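Heads up, structure_35.cif below (mmCIF, C-alpha atoms):
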data_entry
loop_
_atom_site.group_PDB
_atom_site.id
_atom_site.type_symbol
_atom_site.label_atom_id
_atom_site.label_comp_id
_atom_site.auth_asym_id
_atom_site.auth_seq_id
_atom_site.Cartn_x
_atom_site.Cartn_y
_atom_site.Cartn_z
ATOM 1 C CA MET A 29 2.791 34.925 43.778
ATOM 2 C CA ILE A 30 0.247 32.081 43.766
ATOM 3 C CA LEU A 31 -0.671 30.040 40.697
ATOM 4 C CA ALA A 32 -4.301 28.909 40.850
ATOM 5 C CA GLY A 33 -6.254 26.822 38.385
ATOM 6 C CA ASP A 34 -9.807 25.660 37.729
ATOM 7 C CA ILE A 35 -9.436 22.545 35.593
ATOM 8 C CA GLY A 36 -12.562 21.200 33.933
ATOM 9 C CA GLY A 37 -13.573 19.041 31.020
ATOM 10 C CA THR A 38 -14.211 22.064 28.802
ATOM 11 C CA ASN A 39 -11.649 24.657 29.912
ATOM 12 C CA ALA A 40 -8.609 25.000 32.123
ATOM 13 C CA ARG A 41 -8.391 28.455 33.675
ATOM 14 C CA LEU A 42 -5.040 29.446 35.174
ATOM 15 C CA ALA A 43 -4.320 32.664 37.034
ATOM 16 C CA TYR A 44 -1.687 34.380 39.111
ATOM 17 C CA PHE A 45 -2.721 35.987 42.385
ATOM 18 C CA GLN A 46 -0.732 38.215 44.708
ATOM 19 C CA SER A 47 -1.511 38.125 48.412
ATOM 20 C CA GLN A 48 -1.839 41.589 49.925
ATOM 21 C CA ASN A 49 -3.266 42.535 53.331
ATOM 22 C CA GLY A 50 -5.059 39.200 53.697
ATOM 23 C CA HIS A 51 -6.704 39.416 50.258
ATOM 24 C CA LEU A 52 -5.829 37.864 46.925
ATOM 25 C CA ASN A 53 -5.508 40.214 43.968
ATOM 26 C CA LEU A 54 -5.720 38.885 40.422
ATOM 27 C CA VAL A 55 -2.514 39.585 38.475
ATOM 28 C CA SER A 56 -3.156 37.713 35.218
ATOM 29 C CA GLU A 57 -5.291 34.896 33.866
ATOM 30 C CA GLN A 58 -5.609 32.739 30.787
ATOM 31 C CA VAL A 59 -8.176 30.193 29.561
ATOM 32 C CA PHE A 60 -7.133 27.066 27.667
ATOM 33 C CA PRO A 61 -9.562 24.682 25.910
ATOM 34 C CA SER A 62 -8.817 21.458 27.803
ATOM 35 C CA ARG A 63 -9.465 19.034 24.947
ATOM 36 C CA GLU A 64 -6.832 20.747 22.767
ATOM 37 C CA HIS A 65 -4.082 19.414 25.070
ATOM 38 C CA ASP A 66 -2.812 15.883 25.617
ATOM 39 C CA GLU A 67 -2.129 16.465 29.300
ATOM 40 C CA PHE A 68 -2.412 19.130 31.975
ATOM 41 C CA GLY A 69 1.357 19.681 32.163
ATOM 42 C CA GLU A 70 1.273 21.172 28.639
ATOM 43 C CA ILE A 71 -1.108 23.863 29.849
ATOM 44 C CA VAL A 72 0.893 24.669 32.980
ATOM 45 C CA GLY A 73 4.112 24.809 30.935
ATOM 46 C CA LYS A 74 2.602 27.208 28.395
ATOM 47 C CA PHE A 75 1.170 29.470 31.115
ATOM 48 C CA LEU A 76 4.482 29.613 33.006
ATOM 49 C CA HIS A 77 6.444 30.224 29.785
ATOM 50 C CA ASP A 78 4.106 32.972 28.559
ATOM 51 C CA SER A 79 4.067 34.762 31.918
ATOM 52 C CA GLY A 80 7.797 34.518 32.579
ATOM 53 C CA ALA A 81 7.025 34.425 36.307
ATOM 54 C CA ARG A 82 7.582 31.680 38.885
ATOM 55 C CA PRO A 83 4.956 31.138 41.586
ATOM 56 C CA GLU A 84 5.748 30.465 45.247
ATOM 57 C CA ALA A 85 2.780 28.106 45.521
ATOM 58 C CA ALA A 86 0.248 26.434 43.251
ATOM 59 C CA CYS A 87 -3.231 25.018 43.830
ATOM 60 C CA PHE A 88 -5.398 23.418 41.169
ATOM 61 C CA GLY A 89 -9.097 22.625 41.564
ATOM 62 C CA ILE A 90 -9.793 19.691 39.255
ATOM 63 C CA ALA A 91 -13.021 17.996 38.184
ATOM 64 C CA GLY A 92 -12.891 14.489 39.639
ATOM 65 C CA PRO A 93 -11.962 12.814 42.901
ATOM 66 C CA VAL A 94 -8.437 13.619 44.123
ATOM 67 C CA ARG A 95 -6.834 10.843 46.138
ATOM 68 C CA ASN A 96 -3.328 11.078 47.609
ATOM 69 C CA GLY A 97 -2.371 13.970 45.330
ATOM 70 C CA ARG A 98 -3.529 12.170 42.184
ATOM 71 C CA VAL A 99 -6.605 12.466 40.000
ATOM 72 C CA GLU A 100 -7.889 10.634 36.959
ATOM 73 C CA THR A 101 -9.985 13.405 35.464
ATOM 74 C CA SER A 102 -13.688 12.716 35.069
ATOM 75 C CA ASN A 103 -14.168 14.227 31.618
ATOM 76 C CA LEU A 104 -10.685 14.028 30.067
ATOM 77 C CA PRO A 105 -8.176 11.231 29.466
ATOM 78 C CA TRP A 106 -5.703 12.823 31.876
ATOM 79 C CA ILE A 107 -3.972 11.572 35.001
ATOM 80 C CA ILE A 108 -2.628 14.485 37.044
ATOM 81 C CA GLU A 109 -0.166 13.969 39.884
ATOM 82 C CA GLN A 110 0.697 16.675 42.377
ATOM 83 C CA ALA A 111 4.298 15.489 42.949
ATOM 84 C CA ARG A 112 4.987 15.228 39.211
ATOM 85 C CA LEU A 113 3.758 18.802 38.604
ATOM 86 C CA ALA A 114 5.868 20.106 41.490
ATOM 87 C CA ASP A 115 8.980 18.354 40.145
ATOM 88 C CA GLN A 116 8.370 19.122 36.467
ATOM 89 C CA PHE A 117 7.872 22.849 37.006
ATOM 90 C CA HIS A 118 9.939 23.379 40.167
ATOM 91 C CA LEU A 119 6.908 24.491 42.160
ATOM 92 C CA PRO A 120 7.816 24.626 45.866
ATOM 93 C CA SER A 121 4.296 24.050 47.172
ATOM 94 C CA THR A 122 1.722 22.332 44.961
ATOM 95 C CA LEU A 123 -1.743 21.069 45.866
ATOM 96 C CA LEU A 124 -4.473 19.301 43.865
ATOM 97 C CA ILE A 125 -8.026 19.460 45.217
ATOM 98 C CA ASN A 126 -11.435 18.731 43.753
ATOM 99 C CA ASP A 127 -12.899 21.742 41.911
ATOM 100 C CA LEU A 128 -16.066 21.850 44.013
ATOM 101 C CA GLU A 129 -14.007 21.498 47.152
ATOM 102 C CA ALA A 130 -12.080 24.596 45.969
ATOM 103 C CA ILE A 131 -15.362 26.483 45.619
ATOM 104 C CA ALA A 132 -16.436 25.371 49.087
ATOM 105 C CA TRP A 133 -13.172 26.702 50.577
ATOM 106 C CA GLY A 134 -13.883 30.058 48.919
ATOM 107 C CA ILE A 135 -17.398 30.510 50.316
ATOM 108 C CA GLY A 136 -16.086 32.049 53.540
ATOM 109 C CA ALA A 137 -14.323 34.787 51.577
ATOM 110 C CA LEU A 138 -17.559 36.000 49.952
ATOM 111 C CA GLY A 139 -19.138 39.228 51.161
ATOM 112 C CA ASP A 140 -22.777 40.276 51.138
ATOM 113 C CA ALA A 141 -22.321 41.950 47.730
ATOM 114 C CA ASP A 142 -21.282 38.581 46.270
ATOM 115 C CA LEU A 143 -24.470 36.790 47.347
ATOM 116 C CA VAL A 144 -28.017 36.662 46.026
ATOM 117 C CA THR A 145 -30.882 35.450 48.221
ATOM 118 C CA LEU A 146 -33.083 32.957 46.398
ATOM 119 C CA ASN A 147 -35.477 32.229 49.250
ATOM 120 C CA ARG A 148 -35.481 34.125 52.550
ATOM 121 C CA GLY A 149 -35.234 31.784 55.475
ATOM 122 C CA SER A 150 -35.545 32.356 59.168
ATOM 123 C CA GLY A 151 -33.105 31.677 61.938
ATOM 124 C CA SER A 152 -29.343 31.478 61.961
ATOM 125 C CA ALA A 153 -27.338 31.184 58.782
ATOM 126 C CA ARG A 154 -24.862 28.922 60.590
ATOM 127 C CA GLY A 155 -24.855 25.243 59.862
ATOM 128 C CA ASN A 156 -24.025 22.759 57.160
ATOM 129 C CA GLN A 157 -23.726 24.021 53.596
ATOM 130 C CA ALA A 158 -23.720 22.378 50.187
ATOM 131 C CA VAL A 159 -22.183 23.290 46.853
ATOM 132 C CA VAL A 160 -23.751 21.728 43.750
ATOM 133 C CA ALA A 161 -22.616 22.681 40.264
ATOM 134 C CA PRO A 162 -23.921 21.265 37.012
ATOM 135 C CA GLY A 163 -21.365 21.736 34.240
ATOM 136 C CA THR A 164 -19.661 19.245 31.961
ATOM 137 C CA GLY A 165 -20.381 16.888 34.870
ATOM 138 C CA LEU A 166 -22.208 17.304 38.195
ATOM 139 C CA GLY A 167 -19.998 18.369 41.089
ATOM 140 C CA GLU A 168 -20.822 18.303 44.773
ATOM 141 C CA ALA A 169 -19.046 19.446 47.925
ATOM 142 C CA GLY A 170 -20.118 20.232 51.433
ATOM 143 C CA LEU A 171 -19.214 22.190 54.505
ATOM 144 C CA PHE A 172 -19.892 20.394 57.798
ATOM 145 C CA TRP A 173 -20.461 22.753 60.752
ATOM 146 C CA ASP A 174 -19.070 21.333 64.011
ATOM 147 C CA GLY A 175 -20.354 24.178 66.185
ATOM 148 C CA ASN A 176 -17.163 26.223 65.827
ATOM 149 C CA ARG A 177 -16.094 26.096 62.192
ATOM 150 C CA HIS A 178 -16.813 24.510 58.820
ATOM 151 C CA HIS A 179 -14.954 21.434 57.553
ATOM 152 C CA VAL A 180 -14.873 21.183 53.752
ATOM 153 C CA PHE A 181 -15.293 17.879 51.927
ATOM 154 C CA HIS A 182 -15.796 16.650 48.375
ATOM 155 C CA ALA A 183 -18.784 14.379 47.830
ATOM 156 C CA LYS A 184 -19.826 12.055 45.063
ATOM 157 C CA VAL A 185 -23.544 11.439 45.002
ATOM 158 C CA ALA A 186 -24.740 8.135 43.599
ATOM 159 C CA THR A 187 -26.603 8.545 40.324
ATOM 160 C CA PRO A 188 -29.463 6.277 39.228
ATOM 161 C CA THR A 189 -27.085 4.658 36.706
ATOM 162 C CA SER A 190 -24.390 3.985 39.305
ATOM 163 C CA LEU A 191 -26.935 2.457 41.695
ATOM 164 C CA HIS A 192 -27.600 -0.301 39.174
ATOM 165 C CA GLY A 193 -24.054 -0.643 37.861
ATOM 166 C CA THR A 194 -20.844 -1.892 39.392
ATOM 167 C CA ASN A 195 -20.053 1.386 41.133
ATOM 168 C CA SER A 196 -22.990 1.642 43.508
ATOM 169 C CA ARG A 197 -21.374 3.428 46.442
ATOM 170 C CA SER A 198 -21.468 7.095 47.297
ATOM 171 C CA SER A 199 -18.223 8.415 48.645
ATOM 172 C CA CYS A 200 -17.030 11.349 50.658
ATOM 173 C CA SER A 201 -13.408 12.170 51.257
ATOM 174 C CA ASN A 202 -12.384 14.640 53.928
ATOM 175 C CA ILE A 203 -9.311 16.703 53.315
#

So, in terms of structure tokens, how does the structure I just supplied come out?
Amino acid sequence: MILAGDIGGTNARLAYFQSQNGHLNLVSEQVFPSREHDEFGEIVGKFLHDSGARPEAACFGIAGPVRNGRVETSNLPWIIEQARLADQFHLPSTLLINDLEAIAWGIGALGDADLVTLNRGSGSARGNQAVVAPGTGLGEAGLFWDGNRHHVFHAKVATPTSLHGTNSRSSCSNI
């Protein structure tokens, strides 16, 4: 079983998935208001306790830049560390990635029924792709096409405020 999470400034959504024939099937899910918890570990602990199950792997998509398995959340006073979660909850394989990066990884699993065309284009649908999501914050990720496959990356676009402040650099971090 796989424990997956979408961790944002408003809600933390945790779910169990079972892998079957190359597809992931939802087993159970729960939504937690993020601001009602002092740290992310509280939420994971409650979910694991309530479910009574132990996952074989865990992956959490988190709002904010993840560097070396660690994130200081953008919209919460939390610091989340991949190694600490793995140790605290005895999770054999644990990964933290940016939430928009998680969405970008999932694009390839979408079928035609999952998509809506906003503006018909012409030509090949192959090439670079972008994921932009306004929510509690503004998230961005991209998929760079190298001619054979897409490479997913999290991006931080400079805002007008950051261009005039002390943090005036845009950053991209490949995974």

Q: Name the residues in contact with Val55 of chain A at a cut-off of 10 Å, using all atoms listed in the file, excluding same-chain residues fewer than 2 positions from it; report them as an MDAnalysis selection string.
A: chainID A and resid 29:31 43:46 52:53 57

How about saving the chosen residues, C-alpha atoms kept, as a PDB file, in the frame of the given file?
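Written output follows (part_22.pdb):
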ATOM      1  CA  MET A  29       2.791  34.925  43.778  1.00  0.00           C
ATOM      2  CA  ILE A  30       0.247  32.081  43.766  1.00  0.00           C
ATOM      3  CA  LEU A  31      -0.671  30.040  40.697  1.00  0.00           C
ATOM      4  CA  ALA A  43      -4.320  32.664  37.034  1.00  0.00           C
ATOM      5  CA  TYR A  44      -1.687  34.380  39.111  1.00  0.00           C
ATOM      6  CA  PHE A  45      -2.721  35.987  42.385  1.00  0.00           C
ATOM      7  CA  GLN A  46      -0.732  38.215  44.708  1.00  0.00           C
ATOM      8  CA  LEU A  52      -5.829  37.864  46.925  1.00  0.00           C
ATOM      9  CA  ASN A  53      -5.508  40.214  43.968  1.00  0.00           C
ATOM     10  CA  GLU A  57      -5.291  34.896  33.866  1.00  0.00           C
TER      11      GLU A  57
END

Q.
Need the shell around His118 of chain A: protein/DNA/RNA residues with any atom at most 12 Å away, counting only C-alpha atoms. Skip same-chain ones fewer than 2 positions apart. Format as a PyMOL selection string?
A. chain A and resi 72-73+76+82-86+110-116+120-122

Just the residues within 9 Å of segment 170-176 of chain A, please, counting all atoms listed in the file, with nothing from its chain fewer than 3 positions along; format it as a compact mmCIF listing (two decimals) with C-alpha atoms, keeping the file's coordinate frame.
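Final output, part-v3.txt:
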# COMPACT_ATOMS: atom_id res chain seq x y z
CA LEU A 128 -16.07 21.85 44.01
CA GLU A 129 -14.01 21.50 47.15
CA ALA A 132 -16.44 25.37 49.09
CA TRP A 133 -13.17 26.70 50.58
CA ARG A 154 -24.86 28.92 60.59
CA GLY A 155 -24.86 25.24 59.86
CA ASN A 156 -24.02 22.76 57.16
CA GLN A 157 -23.73 24.02 53.60
CA ALA A 158 -23.72 22.38 50.19
CA VAL A 159 -22.18 23.29 46.85
CA VAL A 160 -23.75 21.73 43.75
CA HIS A 179 -14.95 21.43 57.55
CA VAL A 180 -14.87 21.18 53.75
CA PHE A 181 -15.29 17.88 51.93
CA HIS A 182 -15.80 16.65 48.38
CA ALA A 183 -18.78 14.38 47.83

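Here atom CA of Ala137 of chain A is placed at a distance of 25.2 Å from atom CA of Gly165 of chain A.
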
Q. Any chance you could work out the residue set of the PyMOL selection byres ((chain A and resi 35) around 12) here, as a VMD selection string?
A. chain A and resid 32 to 34 36 to 43 58 to 63 67 to 69 71 to 72 87 to 92 99 101 to 104 106 108 124 to 128 130 164

Q | Atomic separation - atom CA of Gly97 of chain A relative to atom CA of Glu109 of chain A, Å | A | 5.9 Å

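Here atom CA of Ser152 of chain A stands at a distance of 17.4 Å from atom CA of Leu138 of chain A.
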
Q. Pick from A:Gly134, A:Gly139, A:Gly151, A:Gly163: nearest to His178 of chain A, with only C-alpha atoms counted?
A. A:Gly134
